[in-house]
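Chemist: See my_file28.tsv below, with TSV, C-alpha atoms and all ligand atoms.
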chain	number	residue	atom	x	y	z
A	1	MET	CA	74.94	130.49	140.98
A	2	LYS	CA	78.71	130.85	140.81
A	3	LEU	CA	79.37	127.47	142.44
A	4	LEU	CA	77.48	125.65	139.68
A	5	GLU	CA	79.00	127.72	136.88
A	6	GLU	CA	82.50	126.91	138.19
A	7	LYS	CA	81.64	123.21	138.45
A	8	ILE	CA	80.28	123.18	134.88
A	9	ARG	CA	83.46	124.87	133.64
A	10	GLN	CA	85.61	122.40	135.54
A	11	ASP	CA	83.75	119.10	135.08
A	12	GLY	CA	81.08	119.71	132.42
A	13	ASN	CA	81.64	118.75	128.82
A	14	ALA	CA	80.18	120.76	125.96
A	15	VAL	CA	79.91	117.99	123.41
A	16	ASN	CA	78.72	120.30	120.64
A	17	GLU	CA	76.57	123.46	120.32
A	18	HIS	CA	73.50	121.64	121.72
A	19	ILE	CA	74.52	119.07	124.34
A	20	LEU	CA	76.22	119.61	127.69
A	21	LYS	CA	77.33	116.49	129.56
A	22	VAL	CA	77.19	116.79	133.34
A	23	ASP	CA	77.18	113.10	134.15
A	24	SER	CA	80.07	113.27	136.62
A	25	PHE	CA	78.15	115.45	139.11
A	26	ILE	CA	74.42	115.76	138.19
A	27	ASN	CA	72.81	112.97	136.23
A	28	HIS	CA	74.90	109.80	136.43
A	29	GLN	CA	77.34	110.25	139.29
A	30	VAL	CA	75.89	112.79	141.74
A	31	ASP	CA	77.75	115.31	143.93
A	32	PRO	CA	75.52	115.32	147.06
A	33	ALA	CA	77.05	118.42	148.71
A	34	LEU	CA	76.69	120.49	145.55
A	35	MET	CA	73.17	119.10	144.99
A	36	GLN	CA	72.18	120.12	148.52
A	37	GLU	CA	73.50	123.67	147.98
A	38	MET	CA	71.57	123.91	144.71
A	39	GLY	CA	68.39	122.61	146.35
A	40	LYS	CA	68.75	125.22	149.11
A	41	GLU	CA	69.25	127.99	146.54
A	42	ILE	CA	66.08	127.05	144.62
A	43	ALA	CA	64.18	126.73	147.92
A	44	GLU	CA	65.33	130.19	149.08
A	45	HIS	CA	64.16	131.76	145.84
A	46	PHE	CA	60.63	130.34	146.19
A	47	ARG	CA	60.36	130.37	150.00
A	48	GLY	CA	57.32	132.07	151.57
A	49	ARG	CA	55.00	131.40	148.64
A	50	GLY	CA	52.90	128.69	150.27
A	51	ILE	CA	54.47	125.75	148.44
A	52	THR	CA	53.03	122.45	149.66
A	53	LYS	CA	54.88	120.03	147.33
A	54	VAL	CA	57.88	119.83	145.04
A	55	ALA	CA	57.33	117.81	141.86
A	56	THR	CA	59.81	116.49	139.32
A	57	ILE	CA	60.07	114.21	136.31
A	58	GLU	CA	62.03	111.01	136.72
A	59	SER	CA	64.91	110.38	136.66
A	60	SER	CA	67.53	113.15	136.65
A	61	GLY	CA	65.20	115.67	138.30
A	62	ILE	CA	64.92	113.58	141.46
A	63	SER	CA	68.19	114.68	143.12
A	64	PRO	CA	67.64	118.45	142.83
A	65	ALA	CA	63.92	118.10	143.63
A	66	LEU	CA	64.61	116.05	146.76
A	67	MET	CA	67.13	118.60	148.05
A	68	THR	CA	64.71	121.45	147.34
A	69	ALA	CA	61.87	119.62	149.10
A	70	LEU	CA	64.13	118.92	152.08
A	71	ALA	CA	64.98	122.63	152.39
A	72	LEU	CA	61.29	123.63	152.09
A	73	GLU	CA	60.21	120.81	154.43
A	74	VAL	CA	57.54	119.52	152.06
A	75	PRO	CA	57.07	116.17	150.25
A	76	MET	CA	58.52	115.51	146.80
A	77	VAL	CA	56.37	113.88	144.13
A	78	ILE	CA	57.94	112.04	141.18
A	79	LEU	CA	56.03	112.27	137.90
A	80	LYS	CA	56.61	108.84	136.41
A	81	LYS	CA	57.52	107.86	132.89
A	82	GLN	CA	55.37	104.82	132.25
A	83	PRO	CA	54.50	102.96	129.08
A	84	SER	CA	51.10	103.75	127.61
A	85	LYS	CA	48.42	101.41	128.95
A	86	ILE	CA	44.66	101.17	129.39
A	87	LEU	CA	43.07	104.13	131.10
A	88	ASN	CA	43.66	103.92	134.82
A	89	GLN	CA	41.12	105.74	136.98
A	90	ASP	CA	43.63	106.33	139.77
A	91	LEU	CA	46.12	108.17	137.55
A	92	TYR	CA	46.41	111.41	135.63
A	93	GLN	CA	48.23	110.78	132.35
A	94	THR	CA	49.69	112.88	129.55
A	95	VAL	CA	52.02	112.34	126.59
A	96	VAL	CA	55.41	114.09	126.28
A	97	THR	CA	57.34	114.56	123.06
A	98	SER	CA	61.11	114.82	123.60
A	99	PHE	CA	62.91	116.59	120.77
A	100	THR	CA	66.32	115.78	122.26
A	101	LYS	CA	65.62	112.07	122.51
A	102	GLU	CA	63.19	111.93	119.55
A	103	THR	CA	60.66	109.85	121.46
A	104	ASN	CA	57.18	110.08	122.95
A	105	TYR	CA	56.46	108.86	126.43
A	106	GLU	CA	53.62	108.81	128.91
A	107	LEU	CA	53.91	110.81	132.12
A	108	THR	CA	51.73	109.71	135.04
A	109	LEU	CA	50.73	111.01	138.46
A	110	SER	CA	48.72	109.17	141.09
A	111	LYS	CA	45.57	111.10	142.08
A	112	LYS	CA	46.44	110.31	145.71
A	113	PHE	CA	49.47	112.60	145.73
A	114	MET	CA	48.18	115.87	144.21
A	115	THR	CA	44.95	117.74	144.92
A	116	ALA	CA	43.37	121.17	144.47
A	117	GLU	CA	44.80	122.10	147.88
A	118	ASP	CA	48.38	121.90	146.59
A	119	HIS	CA	50.67	124.71	145.43
A	120	VAL	CA	53.48	122.99	143.57
A	121	LEU	CA	57.05	123.91	142.72
A	122	LEU	CA	58.37	121.99	139.72
A	123	VAL	CA	62.12	121.22	139.74
A	124	ASP	CA	64.25	119.63	137.02
A	125	ASP	CA	67.91	119.33	136.02
A	126	PHE	CA	67.73	120.81	132.49
A	127	LEU	CA	65.46	123.25	130.70
A	128	ALA	CA	65.89	122.84	126.96
A	129	ASN	CA	62.81	122.93	124.75
A	130	GLY	CA	60.46	123.00	127.70
A	131	GLU	CA	58.38	120.07	126.43
A	132	ALA	CA	58.90	117.98	129.54
A	133	ALA	CA	58.11	120.92	131.86
A	134	THR	CA	55.02	121.87	129.83
A	135	ALA	CA	53.71	118.30	130.07
A	136	ALA	CA	54.47	118.18	133.80
A	137	ILE	CA	52.49	121.39	134.34
A	138	ARG	CA	49.61	120.02	132.26
A	139	LEU	CA	49.59	116.89	134.42
A	140	ILE	CA	49.75	118.79	137.72
A	141	ARG	CA	46.93	121.08	136.60
A	142	MET	CA	44.72	118.03	135.94
A	143	SER	CA	44.61	117.69	139.74
A	144	HIS	CA	43.57	121.39	140.01
A	145	ALA	CA	46.73	122.09	142.02
A	146	THR	CA	48.37	125.46	141.29
A	147	ILE	CA	51.96	125.99	140.08
A	148	ALA	CA	54.41	128.20	142.01
A	149	GLY	CA	57.05	128.08	139.28
A	150	LEU	CA	59.86	126.04	137.78
A	151	GLY	CA	63.33	125.76	139.31
A	152	VAL	CA	66.07	124.26	137.12
A	153	LEU	CA	69.76	123.69	137.58
A	154	ILE	CA	70.78	124.43	133.99
A	155	GLU	CA	68.87	126.42	131.41
A	156	LYS	CA	70.05	126.28	127.82
A	157	SER	CA	68.87	129.79	127.02
A	158	PHE	CA	69.47	129.38	123.29
A	159	GLN	CA	66.58	126.89	123.25
A	160	PRO	CA	62.95	128.03	123.58
A	161	GLY	CA	62.04	126.51	126.98
A	162	ARG	CA	61.97	129.72	129.04
A	163	GLU	CA	59.84	131.56	126.47
A	164	LYS	CA	57.44	128.63	126.20
A	165	LEU	CA	56.91	128.58	129.96
A	166	LYS	CA	56.71	132.36	130.28
A	167	SER	CA	53.91	132.36	127.71
A	168	GLN	CA	51.99	130.00	130.03
A	169	GLY	CA	52.52	132.37	132.97
A	170	ILE	CA	55.17	130.21	134.64
A	171	GLU	CA	58.12	131.83	136.42
A	172	VAL	CA	61.43	130.14	135.66
A	173	TYR	CA	64.38	130.31	138.07
A	174	ALA	CA	67.62	128.83	136.72
A	175	LEU	CA	70.86	128.44	138.68
A	176	ALA	CA	73.02	128.55	135.54
A	177	ARG	CA	71.99	129.98	132.19
A	178	ILE	CA	73.96	129.04	129.12
A	179	GLY	CA	73.74	131.57	126.31
A	180	LYS	CA	75.98	129.82	123.85
A	181	MET	CA	77.88	126.56	123.49
A	182	GLU	CA	80.40	125.07	121.13
A	183	GLU	CA	82.64	122.05	121.49
A	184	ASN	CA	84.68	122.71	124.66
A	185	TYR	CA	83.29	126.25	124.97
A	186	ILE	CA	80.50	127.54	127.27
A	187	GLU	CA	79.19	131.09	127.63
A	188	PHE	CA	77.02	131.91	130.67
A	189	ILE	CA	74.51	134.75	130.85
A	190	ASP	CA	73.42	136.50	134.09
B	1	LIG	P1	62.73	119.60	127.37
B	1	LIG	O1	62.52	118.52	128.34
B	1	LIG	O2	63.26	120.88	127.97
B	1	LIG	O3	61.65	119.84	126.39
B	1	LIG	O4	63.86	119.16	126.48
B	1	LIG	P2	63.93	117.87	125.67
B	1	LIG	O5	62.61	117.22	125.53
B	1	LIG	O6	64.66	118.32	124.49
B	1	LIG	O7	64.83	117.06	126.68
B	1	LIG	C1	64.70	115.70	126.76
B	1	LIG	C2	65.67	115.11	127.76
B	1	LIG	O8	67.00	115.51	127.45
B	1	LIG	C3	65.47	115.53	129.21
B	1	LIG	O9	65.85	114.42	130.01
B	1	LIG	C4	66.48	116.64	129.40
B	1	LIG	O10	66.86	116.77	130.75
B	1	LIG	C5	67.62	116.14	128.57
B	1	LIG	N1	68.52	117.18	128.08
B	1	LIG	C6	68.21	118.24	127.30
B	1	LIG	N2	69.31	118.93	126.99
B	1	LIG	C7	70.35	118.29	127.61
B	1	LIG	C8	71.76	118.53	127.65
B	1	LIG	O11	72.32	119.46	127.07
B	1	LIG	N3	72.50	117.65	128.39
B	1	LIG	C9	71.95	116.60	129.06
B	1	LIG	N4	72.77	115.83	129.77
B	1	LIG	N5	70.62	116.34	129.02
B	1	LIG	C10	69.85	117.18	128.30
B	1	LIG	P3	64.83	113.26	130.26
B	1	LIG	O12	64.32	112.66	129.01
B	1	LIG	O13	63.77	113.79	131.18
B	1	LIG	O14	65.67	112.14	130.89
B	1	LIG	P4	66.34	111.97	132.30
B	1	LIG	O15	67.78	112.36	132.10
B	1	LIG	O16	65.68	112.89	133.27
B	1	LIG	O17	66.13	110.57	132.64
Hey, can you dump this file as structure tokens for me?

Modeler:
Amino acid sequence: MKLLEEKIRQDGNAVNEHILKVDSFINHQVDPALMQEMGKEIAEHFRGRGITKVATIESSGISPALMTALALEVPMVILKKQPSKILNQDLYQTVVTSFTKETNYELTLSKKFMTAEDHVLLVDDFLANGEAATAAIRLIRMSHATIAGLGVLIEKSFQPGREKLKSQGIEVYALARIGKMEENYIEFID
């Protein structure tokens, strides 16, 4: 998506070869008009596939997921990061390992909000190693819902996320794909 690539070039900050900061328009301060356009673009790509819900992982995935859900006219479900606690019969739970943040956390989903009747589109801001997305899919599948695919704003294509998801049969649609980064340098791929 040209609009996003231009915005990344203008306001993004490639800190080093691994980390892109987009906190002035995606994950700290949010540009609502751009977010709405991006949500519409993801929705258009997946439209007509019987999607009943859009799911995301808190917190930075919420803005793009909400805009996608709005365009598809379906509810959005937030997979919550909650501290590990005693087994709760009303929740599905799984553990996520984040390489970027070097932590483990528990992801939870209320059984009320996802069932075998659902066909779910997962949306997130970044695809890096694909650990978060893999855990989200594992969690959604616990409810016997099916997965329509993953829509992300920014894919760091030099990390293994896309391959990891492809090997699980998940289609990935990314609005901007970064092939290479260095300090103050970003290379997009089509
Ligand atoms: P994965 O989710 O693709 O496996 O990647 P990883 O575990 O490495 O990512 C962990 C967190 O780091 C995720 O946010 C992800 O969005 C974020 N992240 C990964 N690469 C970048 C990057 O280049 N720039 C920025 N700004 N963030 C990146 P999270 O833990 O889910 O936190 P939140 O931001 O959603 O609250």

Chemist: Show me which residues sit within 6 Å of ligand LIG 1 (chain B) when counting only C-alpha atoms and all ligand atoms, and put them as an mmCIF file with C-alpha atoms, in the coordinates of the input.

Modeler:
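Okay, this is what ended up in part.cif:
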data_model
loop_
_atom_site.group_PDB
_atom_site.id
_atom_site.type_symbol
_atom_site.label_atom_id
_atom_site.label_comp_id
_atom_site.auth_asym_id
_atom_site.auth_seq_id
_atom_site.Cartn_x
_atom_site.Cartn_y
_atom_site.Cartn_z
ATOM 1 C CA HIS A 18 73.500 121.640 121.720
ATOM 2 C CA ILE A 19 74.520 119.070 124.340
ATOM 3 C CA LEU A 20 76.220 119.610 127.690
ATOM 4 C CA LYS A 21 77.330 116.490 129.560
ATOM 5 C CA VAL A 22 77.190 116.790 133.340
ATOM 6 C CA GLU A 58 62.030 111.010 136.720
ATOM 7 C CA SER A 59 64.910 110.380 136.660
ATOM 8 C CA SER A 60 67.530 113.150 136.650
ATOM 9 C CA GLY A 61 65.200 115.670 138.300
ATOM 10 C CA SER A 98 61.110 114.820 123.600
ATOM 11 C CA PHE A 99 62.910 116.590 120.770
ATOM 12 C CA THR A 100 66.320 115.780 122.260
ATOM 13 C CA LYS A 101 65.620 112.070 122.510
ATOM 14 C CA ASP A 125 67.910 119.330 136.020
ATOM 15 C CA PHE A 126 67.730 120.810 132.490
ATOM 16 C CA LEU A 127 65.460 123.250 130.700
ATOM 17 C CA ALA A 128 65.890 122.840 126.960
ATOM 18 C CA ASN A 129 62.810 122.930 124.750
ATOM 19 C CA GLY A 130 60.460 123.000 127.700
ATOM 20 C CA GLU A 131 58.380 120.070 126.430
ATOM 21 C CA ALA A 132 58.900 117.980 129.540
ATOM 22 C CA GLY A 161 62.040 126.510 126.980
#

Chemist: Which neighbours of His144 (chain A) fall inside 9 Å, counting all atoms listed in the file, when residues of the same chain fewer than 6 positions from it are skipped, and could you give them as a PyMOL selection string?

Modeler: chain A and resi 114-118

Chemist: Rounded to one decimal, what separation in Å do you get between CA of Thr108 (chain A) and CA of Val95 (chain A)?

Modeler: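 One can read the CA of Thr108 (chain A) to CA of Val95 (chain A) distance as 8.9 Å.
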
Chemist: Taking into account only C-alpha atoms, which residue in the set A:Leu121, A:Val96, A:Ala174, A:Met38 is nearest to Arg138 (chain A)?

Modeler: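 Comparing A:Leu121, A:Val96, A:Ala174, A:Met38 against Arg138 (chain A), the winner is A:Val96.
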
Chemist: State, in Å with one decimal place, the distance from CA of Arg162 (chain A) to CA of Leu4 (chain A).

Modeler: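 Going from CA of Arg162 (chain A) over to CA of Leu4 (chain A), I get 19.2 Å.
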
Chemist: Which one of A:Phe113, A:Glu37, A:Gly169, A:Phe158 sits closest to Ala145 (chain A) if you count only C-alpha atoms?

Modeler: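 Using only C-alpha atoms, Ala145 (chain A) sits closest to A:Phe113.
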
Chemist: When you look at Pro64 (chain A) with a cut-off of 9 Å (counting only C-alpha atoms), what residues show up, excluding the ones that are within fewer than 3 positions of it in the same chain? I need them as a tab-separated table (two decimals) with C-alpha atoms, in the frame of the given file.

Modeler:
chain	number	residue	atom	x	y	z
A	26	ILE	CA	74.42	115.76	138.19
A	35	MET	CA	73.17	119.10	144.99
A	36	GLN	CA	72.18	120.12	148.52
A	38	MET	CA	71.57	123.91	144.71
A	39	GLY	CA	68.39	122.61	146.35
A	42	ILE	CA	66.08	127.05	144.62
A	56	THR	CA	59.81	116.49	139.32
A	60	SER	CA	67.53	113.15	136.65
A	61	GLY	CA	65.20	115.67	138.30
A	67	MET	CA	67.13	118.60	148.05
A	68	THR	CA	64.71	121.45	147.34
A	69	ALA	CA	61.87	119.62	149.10
A	123	VAL	CA	62.12	121.22	139.74
A	124	ASP	CA	64.25	119.63	137.02
A	125	ASP	CA	67.91	119.33	136.02
A	152	VAL	CA	66.07	124.26	137.12
A	153	LEU	CA	69.76	123.69	137.58

Chemist: Could you check the closest approach to Thr52 (chain A) for each of A:Ala33, A:Leu3, A:Leu122, A:Val15 and tell me which residue wins, using all atoms listed in the file?

Modeler: A:Leu122

Chemist: Using all atoms listed in the file, which of the listed residues (A:Phe25, A:Phe46, A:Phe188, A:Tyr92) sits closest to Ile140 (chain A)?

Modeler: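 Checking each candidate against Ile140 (chain A), we get A:Tyr92 as the closest.
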
Chemist: Please identify all polymer residues within 12 Å of Ser110 (chain A), counting all atoms listed in the file, omitting same-chain residues fewer than 4 positions from it, and present them as JSON, numbers by chain.

Modeler: {"A": [77, 78, 79, 80, 82, 88, 89, 90, 91, 92, 93, 114, 115, 139, 140, 142, 143]}

Chemist: Restricting the calculation to all atoms listed in the file: of A:Ile154, A:Glu102, A:Ala55, A:Ala148, which residue gets closest to Pro75 (chain A)?

Modeler: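 Of the candidates, the smallest distance to Pro75 (chain A) is held by A:Ala55.
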